[in-house]
file data20.pdb (PDB, C-alpha atoms)
ATOM      1  CA  MET A  27      -5.277  25.506  29.409
ATOM      2  CA  ARG A  28      -4.355  29.163  29.339
ATOM      3  CA  PHE A  29      -1.928  31.419  31.141
ATOM      4  CA  GLN A  30      -2.755  34.689  32.846
ATOM      5  CA  ASP A  31      -0.877  37.399  34.754
ATOM      6  CA  ALA A  32      -1.185  37.069  38.516
ATOM      7  CA  ALA A  33      -3.291  39.606  40.390
ATOM      8  CA  ARG A  34      -1.267  42.659  41.476
ATOM      9  CA  ASP A  35      -2.064  42.584  45.178
ATOM     10  CA  GLY A  36       0.019  44.355  47.832
ATOM     11  CA  ARG A  37       2.396  41.452  48.311
ATOM     12  CA  ALA A  38       2.976  41.189  44.579
ATOM     13  CA  VAL A  39       3.767  44.888  44.264
ATOM     14  CA  VAL A  40       6.307  44.772  47.094
ATOM     15  CA  TYR A  41       7.900  41.599  45.752
ATOM     16  CA  ALA A  42       8.028  43.011  42.214
ATOM     17  CA  ALA A  43      10.218  45.816  43.549
ATOM     18  CA  ILE A  44      12.588  43.206  45.020
ATOM     19  CA  GLN A  45      12.625  41.263  41.738
ATOM     20  CA  ALA A  46      13.498  44.449  39.855
ATOM     21  CA  GLU A  47      16.513  45.276  42.033
ATOM     22  CA  PRO A  48      19.704  45.502  39.937
ATOM     23  CA  LEU A  49      21.435  43.370  42.589
ATOM     24  CA  VAL A  50      19.115  40.462  41.741
ATOM     25  CA  ALA A  51      19.920  40.621  38.034
ATOM     26  CA  ARG A  52      23.652  41.008  38.689
ATOM     27  CA  ALA A  53      23.754  38.019  41.030
ATOM     28  CA  ALA A  54      21.676  35.913  38.646
ATOM     29  CA  GLU A  55      23.962  36.668  35.686
ATOM     30  CA  LEU A  56      27.035  35.645  37.664
ATOM     31  CA  ILE A  57      25.432  32.465  39.013
ATOM     32  CA  VAL A  58      24.228  31.407  35.565
ATOM     33  CA  ALA A  59      27.716  31.880  34.150
ATOM     34  CA  ALA A  60      29.297  29.971  37.045
ATOM     35  CA  GLY A  61      29.928  26.297  37.659
ATOM     36  CA  THR A  62      28.577  24.236  40.552
ATOM     37  CA  PRO A  63      31.463  25.092  42.954
ATOM     38  CA  GLU A  64      30.858  28.835  42.524
ATOM     39  CA  GLN A  65      27.124  28.238  42.924
ATOM     40  CA  ILE A  66      27.782  26.415  46.216
ATOM     41  CA  LEU A  67      29.936  29.388  47.247
ATOM     42  CA  ALA A  68      27.052  31.750  46.446
ATOM     43  CA  ARG A  69      24.612  29.690  48.489
ATOM     44  CA  ALA A  70      26.991  29.458  51.449
ATOM     45  CA  VAL A  71      27.817  33.160  51.534
ATOM     46  CA  MET A  72      24.221  34.298  51.030
ATOM     47  CA  ASN A  73      23.306  31.939  53.896
ATOM     48  CA  GLY A  74      26.270  32.971  55.979
ATOM     49  CA  GLU A  75      26.862  34.914  59.160
ATOM     50  CA  ARG A  76      30.332  36.347  58.615
ATOM     51  CA  ASP A  77      31.235  39.115  56.168
ATOM     52  CA  ASP A  78      35.006  38.623  56.053
ATOM     53  CA  PRO A  79      35.851  37.744  52.427
ATOM     54  CA  GLU A  80      39.157  36.187  53.486
ATOM     55  CA  ALA A  81      37.334  33.595  55.604
ATOM     56  CA  TRP A  82      35.239  32.613  52.579
ATOM     57  CA  ARG A  83      38.323  32.407  50.360
ATOM     58  CA  ARG A  84      39.939  30.017  52.842
ATOM     59  CA  MET A  85      36.775  27.915  52.867
ATOM     60  CA  PHE A  86      36.941  27.399  49.074
ATOM     61  CA  PRO A  87      40.548  26.551  48.161
ATOM     62  CA  SER A  88      39.476  25.042  44.840
ATOM     63  CA  LEU A  89      38.224  28.496  43.791
ATOM     64  CA  PHE A  90      40.721  30.832  45.474
ATOM     65  CA  GLY A  91      43.872  28.749  45.926
ATOM     66  CA  PRO A  92      47.189  29.886  44.401
ATOM     67  CA  GLU A  93      46.968  27.200  41.705
ATOM     68  CA  VAL A  94      43.592  28.434  40.411
ATOM     69  CA  PRO A  95      43.866  30.156  36.997
ATOM     70  CA  ALA A  96      43.378  33.933  37.153
ATOM     71  CA  ALA A  97      40.219  33.958  35.036
ATOM     72  CA  GLN A  98      38.541  31.328  37.201
ATOM     73  CA  ARG A  99      39.578  33.081  40.371
ATOM     74  CA  SER A 100      38.279  36.364  39.043
ATOM     75  CA  ALA A 101      34.885  34.781  38.301
ATOM     76  CA  ALA A 102      34.781  33.356  41.839
ATOM     77  CA  GLU A 103      35.718  36.764  43.276
ATOM     78  CA  ALA A 104      32.764  38.319  41.442
ATOM     79  CA  VAL A 105      30.396  35.679  42.843
ATOM     80  CA  LEU A 106      31.827  36.206  46.332
ATOM     81  CA  ALA A 107      31.427  39.986  46.121
ATOM     82  CA  VAL A 108      27.820  39.913  44.966
ATOM     83  CA  SER A 109      26.953  37.200  47.504
ATOM     84  CA  LEU A 110      28.383  39.272  50.352
ATOM     85  CA  GLU A 111      26.276  42.177  49.102
ATOM     86  CA  VAL A 112      23.148  40.001  49.330
ATOM     87  CA  ALA A 113      24.172  38.692  52.757
ATOM     88  CA  GLY A 114      24.628  42.268  53.931
ATOM     89  CA  ARG A 115      20.931  42.992  53.602
ATOM     90  CA  GLY A 116      18.696  42.628  56.650
ATOM     91  CA  ASP A 117      17.434  39.117  57.310
ATOM     92  CA  GLN A 118      13.946  39.604  55.888
ATOM     93  CA  VAL A 119      15.079  41.436  52.749
ATOM     94  CA  ARG A 120      17.930  38.976  52.231
ATOM     95  CA  SER A 121      15.432  36.156  52.223
ATOM     96  CA  GLN A 122      13.291  37.876  49.583
ATOM     97  CA  VAL A 123      16.314  38.785  47.474
ATOM     98  CA  ARG A 124      17.562  35.191  47.545
ATOM     99  CA  GLY A 125      14.194  33.909  46.375
ATOM    100  CA  ALA A 126      14.122  36.442  43.566
ATOM    101  CA  ILE A 127      17.644  35.429  42.533
ATOM    102  CA  VAL A 128      16.630  31.766  42.153
ATOM    103  CA  GLU A 129      13.725  32.845  39.941
ATOM    104  CA  ALA A 130      15.975  35.093  37.854
ATOM    105  CA  VAL A 131      18.535  32.284  37.499
ATOM    106  CA  THR A 132      15.787  29.906  36.352
ATOM    107  CA  GLU A 133      14.515  32.400  33.798
ATOM    108  CA  ARG A 134      17.984  32.963  32.369
ATOM    109  CA  LEU A 135      18.866  29.277  32.184
ATOM    110  CA  LEU A 136      15.618  28.477  30.373
ATOM    111  CA  ALA A 137      16.301  31.336  27.937
ATOM    112  CA  ARG A 138      19.583  29.656  26.957
ATOM    113  CA  ARG A 139      17.602  27.000  25.118
ATOM    114  CA  GLY A 140      17.355  29.293  22.140
ATOM    115  CA  SER A 141      15.609  32.139  20.459
ATOM    116  CA  THR A 142      12.225  30.410  20.197
ATOM    117  CA  THR A 143      12.042  29.692  23.936
ATOM    118  CA  GLY A 144      13.063  33.152  25.142
ATOM    119  CA  PRO A 145       9.882  35.036  24.240
ATOM    120  CA  ALA A 146       7.750  32.232  25.741
ATOM    121  CA  ILE A 147       9.248  32.596  29.224
ATOM    122  CA  ARG A 148       7.095  34.508  31.667
ATOM    123  CA  ARG A 149       7.124  35.253  35.393
ATOM    124  CA  GLU A 150       4.385  35.233  38.043
ATOM    125  CA  ARG A 151       1.701  33.623  35.930
ATOM    126  CA  ARG A 152      -1.386  31.623  36.789
ATOM    127  CA  ILE A 153      -2.611  28.678  34.743
ATOM    128  CA  LEU A 154      -6.335  28.391  34.136
ATOM    129  CA  PHE A 155      -8.283  25.262  33.215
ATOM    130  CA  ASP A 156     -11.924  24.949  32.220
ATOM    131  CA  GLY A 157     -14.150  24.250  35.209
ATOM    132  CA  VAL A 158     -11.299  24.374  37.718
ATOM    133  CA  ALA A 159     -10.911  27.091  40.349
ATOM    134  CA  ALA A 160      -7.730  29.081  39.770
ATOM    135  CA  GLU A 161      -4.865  28.637  42.213
ATOM    136  CA  ILE A 162      -4.132  31.655  44.397
ATOM    137  CA  HIS A 163      -0.373  31.465  44.081
ATOM    138  CA  PRO A 164       1.154  32.112  40.681
ATOM    139  CA  TYR A 165       3.923  29.968  39.214
ATOM    140  CA  ASP A 166       7.332  31.608  39.484
ATOM    141  CA  VAL A 167       8.437  30.904  35.922
ATOM    142  CA  THR A 168       6.483  29.477  32.997
ATOM    143  CA  VAL A 169       7.411  28.481  29.464
ATOM    144  CA  GLU A 170       4.311  29.125  27.404
ATOM    145  CA  MET A 171       4.851  27.145  24.221
ATOM    146  CA  ALA A 172       2.087  25.148  22.539
ATOM    147  CA  GLY A 173       2.579  21.445  23.210
ATOM    148  CA  ARG A 174       5.714  22.098  25.325
ATOM    149  CA  ALA A 175       4.469  24.221  28.212
ATOM    150  CA  GLU A 176       6.298  24.221  31.548
ATOM    151  CA  ALA A 177       5.607  25.570  35.021
ATOM    152  CA  TRP A 178       8.435  25.951  37.550
ATOM    153  CA  ASP A 179       8.367  26.814  41.199
ATOM    154  CA  CYS A 180      11.630  28.160  42.593
ATOM    155  CA  LYS A 181      12.973  27.628  46.104
ATOM    156  CA  TRP A 182      16.031  28.879  47.902
ATOM    157  CA  GLY A 183      16.306  25.731  50.004
ATOM    158  CA  ALA A 184      15.015  22.182  50.230
ATOM    159  CA  ARG A 185      12.996  23.191  53.257
ATOM    160  CA  GLY A 186      10.743  25.191  50.920
ATOM    161  CA  ILE A 187       9.446  21.961  49.406
ATOM    162  CA  ASN A 188       6.062  21.341  50.991
ATOM    163  CA  ALA A 189       2.713  19.683  50.352
ATOM    164  CA  ASP A 190       1.030  22.849  49.049
ATOM    165  CA  VAL A 191       3.517  23.429  46.270
ATOM    166  CA  LEU A 192       3.647  19.742  45.315
ATOM    167  CA  TYR A 193      -0.154  19.519  45.100
ATOM    168  CA  GLN A 194      -0.329  22.720  43.068
ATOM    169  CA  LEU A 195       2.243  21.534  40.553
ATOM    170  CA  ASP A 196       0.792  18.047  40.199
ATOM    171  CA  ASP A 197      -2.773  19.344  39.975
ATOM    172  CA  ALA A 198      -1.752  21.646  37.131
ATOM    173  CA  ARG A 199      -0.123  18.755  35.292
ATOM    174  CA  THR A 200      -3.150  16.477  35.661
ATOM    175  CA  HIS A 201      -5.625  19.223  34.722
ATOM    176  CA  ALA A 202      -3.557  19.886  31.615
ATOM    177  CA  ALA A 203      -3.616  16.186  30.773
ATOM    178  CA  ASP A 204      -7.402  16.216  31.196
ATOM    179  CA  GLU A 205      -7.440  18.827  28.427
ATOM    180  CA  ASP A 206      -5.046  16.732  26.317
ATOM    181  CA  GLU A 207      -2.299  19.271  26.902
ATOM    182  CA  ARG A 208       1.253  18.491  27.967
ATOM    183  CA  LEU A 209       2.525  20.519  30.905
ATOM    184  CA  VAL A 210       5.909  19.801  32.422
ATOM    185  CA  VAL A 211       6.003  20.843  36.069
ATOM    186  CA  GLY A 212       9.027  21.114  38.305
ATOM    187  CA  LEU A 213      10.919  22.574  41.192
ATOM    188  CA  VAL A 214      14.157  24.509  40.917
ATOM    189  CA  VAL A 215      15.871  24.405  44.306
ATOM    190  CA  PHE A 216      19.121  26.237  45.021
ATOM    191  CA  ASP A 217      20.188  23.506  47.413
ATOM    192  CA  ALA A 218      21.917  20.125  47.368
ATOM    193  CA  GLU A 219      20.059  17.363  45.538
ATOM    194  CA  ARG A 220      20.630  14.995  48.463
ATOM    195  CA  SER A 221      18.793  17.378  50.801
ATOM    196  CA  CYS A 222      15.967  17.886  48.290
ATOM    197  CA  ARG A 223      15.491  14.117  47.946
ATOM    198  CA  ILE A 224      15.350  13.728  51.731
ATOM    199  CA  ARG A 225      12.715  16.457  51.866
ATOM    200  CA  LEU A 226      10.721  14.919  49.020
ATOM    201  CA  ASP A 227      10.857  11.447  50.567
ATOM    202  CA  ARG A 228       9.017  12.831  53.570
ATOM    203  CA  GLN A 229       6.148  14.189  51.461
ATOM    204  CA  THR A 230       2.955  12.260  50.834
ATOM    205  CA  ALA A 231       1.724  14.758  48.217
ATOM    206  CA  PRO A 232       2.104  13.419  44.679
ATOM    207  CA  HIS A 233       5.458  14.319  43.150
ATOM    208  CA  GLU A 234       6.496  11.358  40.988
ATOM    209  CA  ALA A 235       5.931  13.394  37.821
ATOM    210  CA  THR A 236       7.354  16.622  39.223
ATOM    211  CA  ARG A 237      10.875  17.322  38.038
ATOM    212  CA  LEU A 238      13.540  18.366  40.455
ATOM    213  CA  VAL A 239      16.428  20.586  39.453
ATOM    214  CA  ALA A 240      18.854  21.046  42.344
ATOM    215  CA  ILE A 241      22.008  23.154  42.562
ATOM    216  CA  GLU A 242      24.250  20.476  41.017
ATOM    217  CA  GLY A 243      22.032  20.202  37.944
ATOM    218  CA  LEU A 244      21.030  23.803  37.257
ATOM    219  CA  ALA A 245      22.596  23.725  33.816
ATOM    220  CA  ASP A 246      20.105  20.988  32.833
ATOM    221  CA  LEU A 247      17.431  23.673  32.680
ATOM    222  CA  SER A 248      19.008  24.903  29.481
ATOM    223  CA  THR A 249      18.221  21.599  27.786
ATOM    224  CA  PRO A 250      14.720  21.451  26.244
ATOM    225  CA  ARG A 251      12.351  19.015  27.954
TER     226      ARG A 251
ATOM    227  CA  MET B   3      60.654  18.254  64.195
ATOM    228  CA  VAL B   4      58.322  18.112  61.187
ATOM    229  CA  GLU B   5      54.648  18.063  62.109
ATOM    230  CA  ARG B   6      52.679  15.217  60.585
ATOM    231  CA  PRO B   7      49.774  16.283  58.416
ATOM    232  CA  GLU B   8      46.325  15.480  59.713
ATOM    233  CA  LEU B   9      44.593  12.516  58.180
ATOM    234  CA  ILE B  10      41.444  13.009  56.166
ATOM    235  CA  SER B  11      39.590  10.773  58.627
ATOM    236  CA  VAL B  12      40.388  13.185  61.488
ATOM    237  CA  VAL B  13      39.249  16.229  59.495
ATOM    238  CA  VAL B  14      36.040  14.481  58.453
ATOM    239  CA  GLU B  15      35.385  13.439  62.043
ATOM    240  CA  ARG B  16      35.517  17.116  63.077
ATOM    241  CA  ALA B  17      33.107  17.995  60.278
ATOM    242  CA  ILE B  18      30.639  15.288  61.325
ATOM    243  CA  ALA B  19      30.740  16.588  64.912
ATOM    244  CA  ALA B  20      30.067  20.139  63.695
ATOM    245  CA  GLU B  21      27.157  18.879  61.569
ATOM    246  CA  ARG B  22      25.734  17.168  64.686
ATOM    247  CA  ASP B  23      26.037  20.423  66.651
ATOM    248  CA  LEU B  24      24.150  22.238  63.897
ATOM    249  CA  ALA B  25      21.450  19.576  64.073
ATOM    250  CA  ASP B  26      21.208  20.040  67.852
ATOM    251  CA  LEU B  27      20.558  23.744  67.284
ATOM    252  CA  ALA B  28      18.127  23.139  64.414
ATOM    253  CA  GLU B  29      16.125  20.582  66.410
ATOM    254  CA  SER B  30      14.546  23.400  68.381
ATOM    255  CA  ILE B  31      12.251  23.924  65.372
ATOM    256  CA  GLU B  32       9.909  21.173  66.486
ATOM    257  CA  ASP B  33       8.047  20.807  63.165
ATOM    258  CA  GLU B  34      11.334  20.026  61.449
ATOM    259  CA  TRP B  35      12.748  17.595  64.021
ATOM    260  CA  SER B  36      12.546  14.527  61.770
ATOM    261  CA  TYR B  37      13.780  16.374  58.696
ATOM    262  CA  VAL B  38      16.730  17.781  60.643
ATOM    263  CA  ASN B  39      17.740  14.342  61.864
ATOM    264  CA  ASP B  40      17.273  12.763  58.441
ATOM    265  CA  LEU B  41      19.510  15.460  56.948
ATOM    266  CA  ASP B  42      22.137  14.969  59.635
ATOM    267  CA  ALA B  43      22.120  11.188  59.188
ATOM    268  CA  ALA B  44      22.308  11.323  55.388
ATOM    269  CA  TRP B  45      25.157  13.819  55.251
ATOM    270  CA  ALA B  46      27.052  12.104  58.059
ATOM    271  CA  ALA B  47      26.772   8.868  56.076
ATOM    272  CA  ARG B  48      28.169  10.582  52.977
ATOM    273  CA  LEU B  49      31.074  12.058  54.928
ATOM    274  CA  THR B  50      31.730   8.708  56.610
ATOM    275  CA  GLU B  51      31.870   7.112  53.169
ATOM    276  CA  VAL B  52      34.611   9.574  52.187
ATOM    277  CA  ALA B  53      36.547   8.814  55.380
ATOM    278  CA  ALA B  54      36.209   5.083  54.726
ATOM    279  CA  GLY B  55      37.702   5.502  51.266
ATOM    280  CA  ARG B  56      40.423   8.097  51.825
ATOM    281  CA  GLY B  57      40.616   8.458  55.585
ATOM    282  CA  ALA B  58      44.192   7.222  55.843
ATOM    283  CA  ASP B  59      45.434   9.823  53.347
ATOM    284  CA  PRO B  60      47.001  13.024  54.656
ATOM    285  CA  ALA B  61      44.847  16.149  54.238
ATOM    286  CA  ARG B  62      46.497  19.071  52.480
ATOM    287  CA  PRO B  63      46.897  22.137  54.745
ATOM    288  CA  ALA B  64      44.527  24.137  52.516
ATOM    289  CA  VAL B  65      41.865  21.451  52.967
ATOM    290  CA  VAL B  66      42.288  21.426  56.743
ATOM    291  CA  ALA B  67      42.055  25.231  56.774
ATOM    292  CA  ALA B  68      38.936  25.139  54.581
ATOM    293  CA  VAL B  69      37.114  22.619  56.761
ATOM    294  CA  ASP B  70      38.086  24.440  59.957
ATOM    295  CA  GLU B  71      36.894  27.736  58.460
ATOM    296  CA  ALA B  72      33.572  26.114  57.523
ATOM    297  CA  ILE B  73      33.284  24.765  61.073
ATOM    298  CA  ALA B  74      33.972  28.277  62.388
ATOM    299  CA  GLU B  75      31.108  29.543  60.238
ATOM    300  CA  THR B  76      28.742  26.978  61.764
ATOM    301  CA  ARG B  77      29.856  28.081  65.245
ATOM    302  CA  ALA B  78      28.775  31.639  64.370
ATOM    303  CA  ILE B  79      25.195  30.499  63.750
ATOM    304  CA  SER B  80      22.699  30.982  66.548
ATOM    305  CA  ASP B  81      19.425  31.007  64.604
ATOM    306  CA  PRO B  82      17.917  27.496  64.305
ATOM    307  CA  HIS B  83      16.358  28.317  60.919
ATOM    308  CA  ARG B  84      19.769  29.312  59.609
ATOM    309  CA  ALA B  85      21.137  26.113  61.119
ATOM    310  CA  ILE B  86      18.695  24.054  59.015
ATOM    311  CA  ASP B  87      19.976  25.776  55.871
ATOM    312  CA  TRP B  88      23.555  25.064  56.934
ATOM    313  CA  LEU B  89      22.888  21.383  57.624
ATOM    314  CA  SER B  90      22.792  21.101  53.863
ATOM    315  CA  THR B  91      25.322  23.787  52.927
ATOM    316  CA  PHE B  92      28.076  22.848  55.362
ATOM    317  CA  PRO B  93      28.648  19.261  54.140
ATOM    318  CA  GLN B  94      28.653  20.495  50.536
ATOM    319  CA  VAL B  95      31.401  22.982  51.414
ATOM    320  CA  VAL B  96      33.381  20.259  53.206
ATOM    321  CA  LEU B  97      32.996  17.785  50.338
ATOM    322  CA  LEU B  98      34.042  20.414  47.815
ATOM    323  CA  ALA B  99      37.170  21.171  49.863
ATOM    324  CA  LEU B 100      37.945  17.446  49.910
ATOM    325  CA  GLY B 101      37.500  17.268  46.139
ATOM    326  CA  GLU B 102      34.407  15.102  46.461
ATOM    327  CA  GLN B 103      30.947  15.254  44.930
ATOM    328  CA  GLY B 104      27.885  15.940  47.081
TER     329      GLY B 104
END

call {"tool": "encode", "arguments": {"input": "data20.pdb", "output": "C-alpha cells"}}
result
Amino acid sequence: MRFQDAARDGRAVVYAAIQAEPLVARAAELIVAAGTPEQILARAVMNGERDDPEAWRRMFPSLFGPEVPAAQRSAAEAVLAVSLEVAGRGDQVRSQVRGAIVEAVTERLLARRGSTTGPAIRRERRILFDGVAAEIHPYDVTVEMAGRAEAWDCKWGARGINADVLYQLDDARTHAADEDERLVVGLVVFDAERSCRIRLDRQTAPHEATRLVAIEGLADLSTPR
Amino acid sequence: MVERPELISVVVERAIAAERDLADLAESIEDEWSYVNDLDAAWAARLTEVAAGRGADPARPAVVAAVDEAIAETRAISDPHRAIDWLSTFPQVVLLALGEQG
C-alpha cells in the first residue's frame, strides 16, 4: 500500500483555488474551536436563505441569549459572521466552499492528536495497491503513518453518502488487509448523526467497517484510532 | 390579563408541521423520495418524544421565538435540494432551542 498525489486535472486545479481561500481556513479554525451548538449554527447559516444576523441570533438563544457569558457569545458571533460570509457566496461557489471547509476542519482536528500525526496528514491523495487499478477519485484527507494509516472522505451533508464512496472506502480497507496493512477508513459528515444513520441504512454497499464521524462527534477525530 | 405561555407540546407541533412542509417540497426530487420521508419520520418521532416528555411544560419566550424564527427560515426555502438539507438542520435547531440532544 502506498500513497500518491492525485492527478492535477482541471477540476483539481479549480478546486485547489477554493481550498486555498482564506475564508475556508478562517471558517475551519472557528469551527474546530467551537462546540457542537456553534457547529450546528454554522451548518444552519451556511445552508440558510436569510442574511439577517438578528434572525439567526433569535434562532439560537443558547448562544446569543442575555445569560450567555461574553466570551461564549463572542465566539458564537465569530462563527455567525464567517458563516454569513460563506452563505453570501453564489450557490455553486458556496457549495464548493462548504465542502472545502469540512475537509479543512477534518485536517485540523486530526492534527490535534499530536506532533507525530501532524506531518503525516495529507490532502487529495490516492492509495495504490499491487495489482489493483487505482481509484479515480482521491481521498479528501489521509493520515499516512505506518501501521496506523487512515483515509477519510468528507461530506457537507448526509445526502453525500452514496454507494460509490462507500465501495471506494471499503475496497481500500480490504485491499490494505490483503497486503497485511491496517487502514482505517471513514466518513466525516457535517450533518446530524441521526440523518447520516438513516442515509447509511438505505445503502447496500458495504459500510460495517467504515467509521462515521457526524457533527455531534467531530471532536472524536482528535483521538487516535 | 396575563397571557399564558405556550406549552412545549404546541411549539413542537408547529415544528413537526414545518418539517412536514419541508418534506413536501423536498419530495419533488424523485430519487430522494424515500430518504426524504425516512428523514421526516425519524425527526418527527424524535420531536414527538420530546413533546411526550415535556409537552405540558411552558415554553420560555426565547424558545418560542427561536422555533418560530427557524420555521420562518424554512418558509423562505424554495429549492427542494436546500429543503433536503434543512430536513436535517431544522430539527437540530429546534432541539437545541429546547435544550435537547439531537

call {"tool": "residues_around", "arguments": {"input": "data20.pdb", "residues": "range 54-57 of chain A", "least_positions_apart": "4", "cutoff": "10 Å", "atoms": "all atoms listed in the file", "output": "PDB file with C-alpha atoms, in the coordinates of the input"}}
result
ATOM      1  CA  PRO A  48      19.704  45.502  39.937  1.00  0.00           C
ATOM      2  CA  LEU A  49      21.435  43.370  42.589  1.00  0.00           C
ATOM      3  CA  VAL A  50      19.115  40.462  41.741  1.00  0.00           C
ATOM      4  CA  GLY A  61      29.928  26.297  37.659  1.00  0.00           C
ATOM      5  CA  THR A  62      28.577  24.236  40.552  1.00  0.00           C
ATOM      6  CA  GLU A  64      30.858  28.835  42.524  1.00  0.00           C
ATOM      7  CA  GLN A  65      27.124  28.238  42.924  1.00  0.00           C
ATOM      8  CA  ILE A  66      27.782  26.415  46.216  1.00  0.00           C
ATOM      9  CA  LEU A  67      29.936  29.388  47.247  1.00  0.00           C
ATOM     10  CA  ALA A  68      27.052  31.750  46.446  1.00  0.00           C
ATOM     11  CA  ARG A  69      24.612  29.690  48.489  1.00  0.00           C
ATOM     12  CA  ALA A 101      34.885  34.781  38.301  1.00  0.00           C
ATOM     13  CA  ALA A 102      34.781  33.356  41.839  1.00  0.00           C
ATOM     14  CA  ALA A 104      32.764  38.319  41.442  1.00  0.00           C
ATOM     15  CA  VAL A 105      30.396  35.679  42.843  1.00  0.00           C
ATOM     16  CA  LEU A 106      31.827  36.206  46.332  1.00  0.00           C
ATOM     17  CA  VAL A 108      27.820  39.913  44.966  1.00  0.00           C
ATOM     18  CA  SER A 109      26.953  37.200  47.504  1.00  0.00           C
ATOM     19  CA  ARG A 124      17.562  35.191  47.545  1.00  0.00           C
ATOM     20  CA  ALA A 126      14.122  36.442  43.566  1.00  0.00           C
ATOM     21  CA  ILE A 127      17.644  35.429  42.533  1.00  0.00           C
ATOM     22  CA  VAL A 128      16.630  31.766  42.153  1.00  0.00           C
ATOM     23  CA  GLU A 129      13.725  32.845  39.941  1.00  0.00           C
ATOM     24  CA  ALA A 130      15.975  35.093  37.854  1.00  0.00           C
ATOM     25  CA  VAL A 131      18.535  32.284  37.499  1.00  0.00           C
ATOM     26  CA  THR A 132      15.787  29.906  36.352  1.00  0.00           C
ATOM     27  CA  GLU A 133      14.515  32.400  33.798  1.00  0.00           C
ATOM     28  CA  ARG A 134      17.984  32.963  32.369  1.00  0.00           C
ATOM     29  CA  LEU A 135      18.866  29.277  32.184  1.00  0.00           C
ATOM     30  CA  LEU A 244      21.030  23.803  37.257  1.00  0.00           C
TER      31      LEU A 244
END

call {"tool": "resolve_selection", "arguments": {"input": "data20.pdb", "expression": "the ChimeraX specification (/B :<9) & /A", "output": "number ranges by chain"}}
result
A: 63, 66-67, 69-70, 73-76, 81-88, 91, 183-185, 217-221, 224-225, 228, 242

call {"tool": "atom_distance", "arguments": {"input": "data20.pdb", "atom1": "CA of Leu213 in chain A", "atom2": "CA of Asp190 in chain A"}}
result
12.6 Å

call {"tool": "closest_residue", "arguments": {"input": "data20.pdb", "among": "A:Val191, A:Ala231, A:Val58, A:Leu226", "to": "Ile162 in chain A", "atoms": "all atoms listed in the file"}}
result
A:Val191

call {"tool": "resolve_selection", "arguments": {"input": "data20.pdb", "expression": "the PyMOL selection byres ((chain B and resi 9) around 7)", "output": "JSON, numbers by chain"}}
result
{"B": [7, 8, 10, 11, 12, 13, 57, 58, 59, 60, 61]}

call {"tool": "atom_distance", "arguments": {"input": "data20.pdb", "atom1": "CA of Asp156 in chain A", "atom2": "CA of Met27 in chain A"}}
result
7.2 Å

call {"tool": "atom_distance", "arguments": {"input": "data20.pdb", "atom1": "CA of Gly243 in chain A", "atom2": "CA of Ala51 in chain A"}}
result
20.5 Å

call {"tool": "resolve_selection", "arguments": {"input": "data20.pdb", "expression": "the PyMOL selection byres ((chain B and resi 25) around 7)", "output": "ChimeraX atom specification"}}
result
/B:21-24,26-29,38-39,42,89

call {"tool": "residues_around", "arguments": {"input": "data20.pdb", "residues": "Glu150 in chain A", "least_positions_apart": "6", "cutoff": "7 Å", "atoms": "all atoms listed in the file", "output": "PyMOL selection string"}}
result
chain A and resi 31-32+164-167

call {"tool": "residues_around", "arguments": {"input": "data20.pdb", "residues": "Asp206 in chain A", "least_positions_apart": "3", "cutoff": "12 Å", "atoms": "only C-alpha atoms", "output": "compact mmCIF listing (two decimals) with C-alpha atoms, keeping the file's coordinate frame"}}
result
# COMPACT_ATOMS: atom_id res chain seq x y z
CA MET A 27 -5.28 25.51 29.41
CA PHE A 155 -8.28 25.26 33.22
CA ALA A 172 2.09 25.15 22.54
CA GLY A 173 2.58 21.44 23.21
CA ARG A 199 -0.12 18.76 35.29
CA THR A 200 -3.15 16.48 35.66
CA HIS A 201 -5.62 19.22 34.72
CA ALA A 202 -3.56 19.89 31.62
CA ALA A 203 -3.62 16.19 30.77
CA LEU A 209 2.52 20.52 30.90

call {"tool": "residues_around", "arguments": {"input": "data20.pdb", "residues": "Thr168 in chain A", "least_positions_apart": "5", "cutoff": "7 Å", "atoms": "only C-alpha atoms", "output": "VMD selection string"}}
result
chain A and resid 147 to 149 151 176 to 178

call {"tool": "decode", "arguments": {"input": "data20.pdb", "residues": "range 84-93 of chain B", "atoms": "N, CA and C atoms", "output": "PDB file, in the first residue's frame"}}
result
ATOM      1  N   ARG B  84     -32.211  22.349  -1.223  1.00  0.00           N
ATOM      2  CA  ARG B  84     -31.977  23.049   0.042  1.00  0.00           C
ATOM      3  C   ARG B  84     -32.926  22.501   1.109  1.00  0.00           C
ATOM      4  N   ALA B  85     -34.127  22.175   0.689  1.00  0.00           N
ATOM      5  CA  ALA B  85     -35.113  21.633   1.638  1.00  0.00           C
ATOM      6  C   ALA B  85     -34.619  20.308   2.227  1.00  0.00           C
ATOM      7  N   ILE B  86     -33.962  19.482   1.415  1.00  0.00           N
ATOM      8  CA  ILE B  86     -33.437  18.208   1.934  1.00  0.00           C
ATOM      9  C   ILE B  86     -32.389  18.488   3.019  1.00  0.00           C
ATOM     10  N   ASP B  87     -31.511  19.450   2.750  1.00  0.00           N
ATOM     11  CA  ASP B  87     -30.515  19.814   3.772  1.00  0.00           C
ATOM     12  C   ASP B  87     -31.200  20.273   5.055  1.00  0.00           C
ATOM     13  N   TRP B  88     -32.272  21.037   4.903  1.00  0.00           N
ATOM     14  CA  TRP B  88     -32.947  21.601   6.083  1.00  0.00           C
ATOM     15  C   TRP B  88     -33.807  20.596   6.832  1.00  0.00           C
ATOM     16  N   LEU B  89     -34.176  19.501   6.170  1.00  0.00           N
ATOM     17  CA  LEU B  89     -34.913  18.443   6.875  1.00  0.00           C
ATOM     18  C   LEU B  89     -34.099  17.901   8.040  1.00  0.00           C
ATOM     19  N   SER B  90     -32.791  18.007   7.907  1.00  0.00           N
ATOM     20  CA  SER B  90     -31.890  17.554   8.951  1.00  0.00           C
ATOM     21  C   SER B  90     -31.494  18.702   9.878  1.00  0.00           C
ATOM     22  N   THR B  91     -31.280  19.878   9.291  1.00  0.00           N
ATOM     23  CA  THR B  91     -30.803  21.027  10.069  1.00  0.00           C
ATOM     24  C   THR B  91     -31.906  21.604  10.973  1.00  0.00           C
ATOM     25  N   PHE B  92     -33.085  21.726  10.418  1.00  0.00           N
ATOM     26  CA  PHE B  92     -34.186  22.361  11.154  1.00  0.00           C
ATOM     27  C   PHE B  92     -34.483  21.669  12.495  1.00  0.00           C
ATOM     28  N   PRO B  93     -34.668  20.337  12.512  1.00  0.00           N
ATOM     29  CA  PRO B  93     -34.956  19.715  13.818  1.00  0.00           C
ATOM     30  C   PRO B  93     -33.796  19.851  14.803  1.00  0.00           C
TER      31      PRO B  93
END
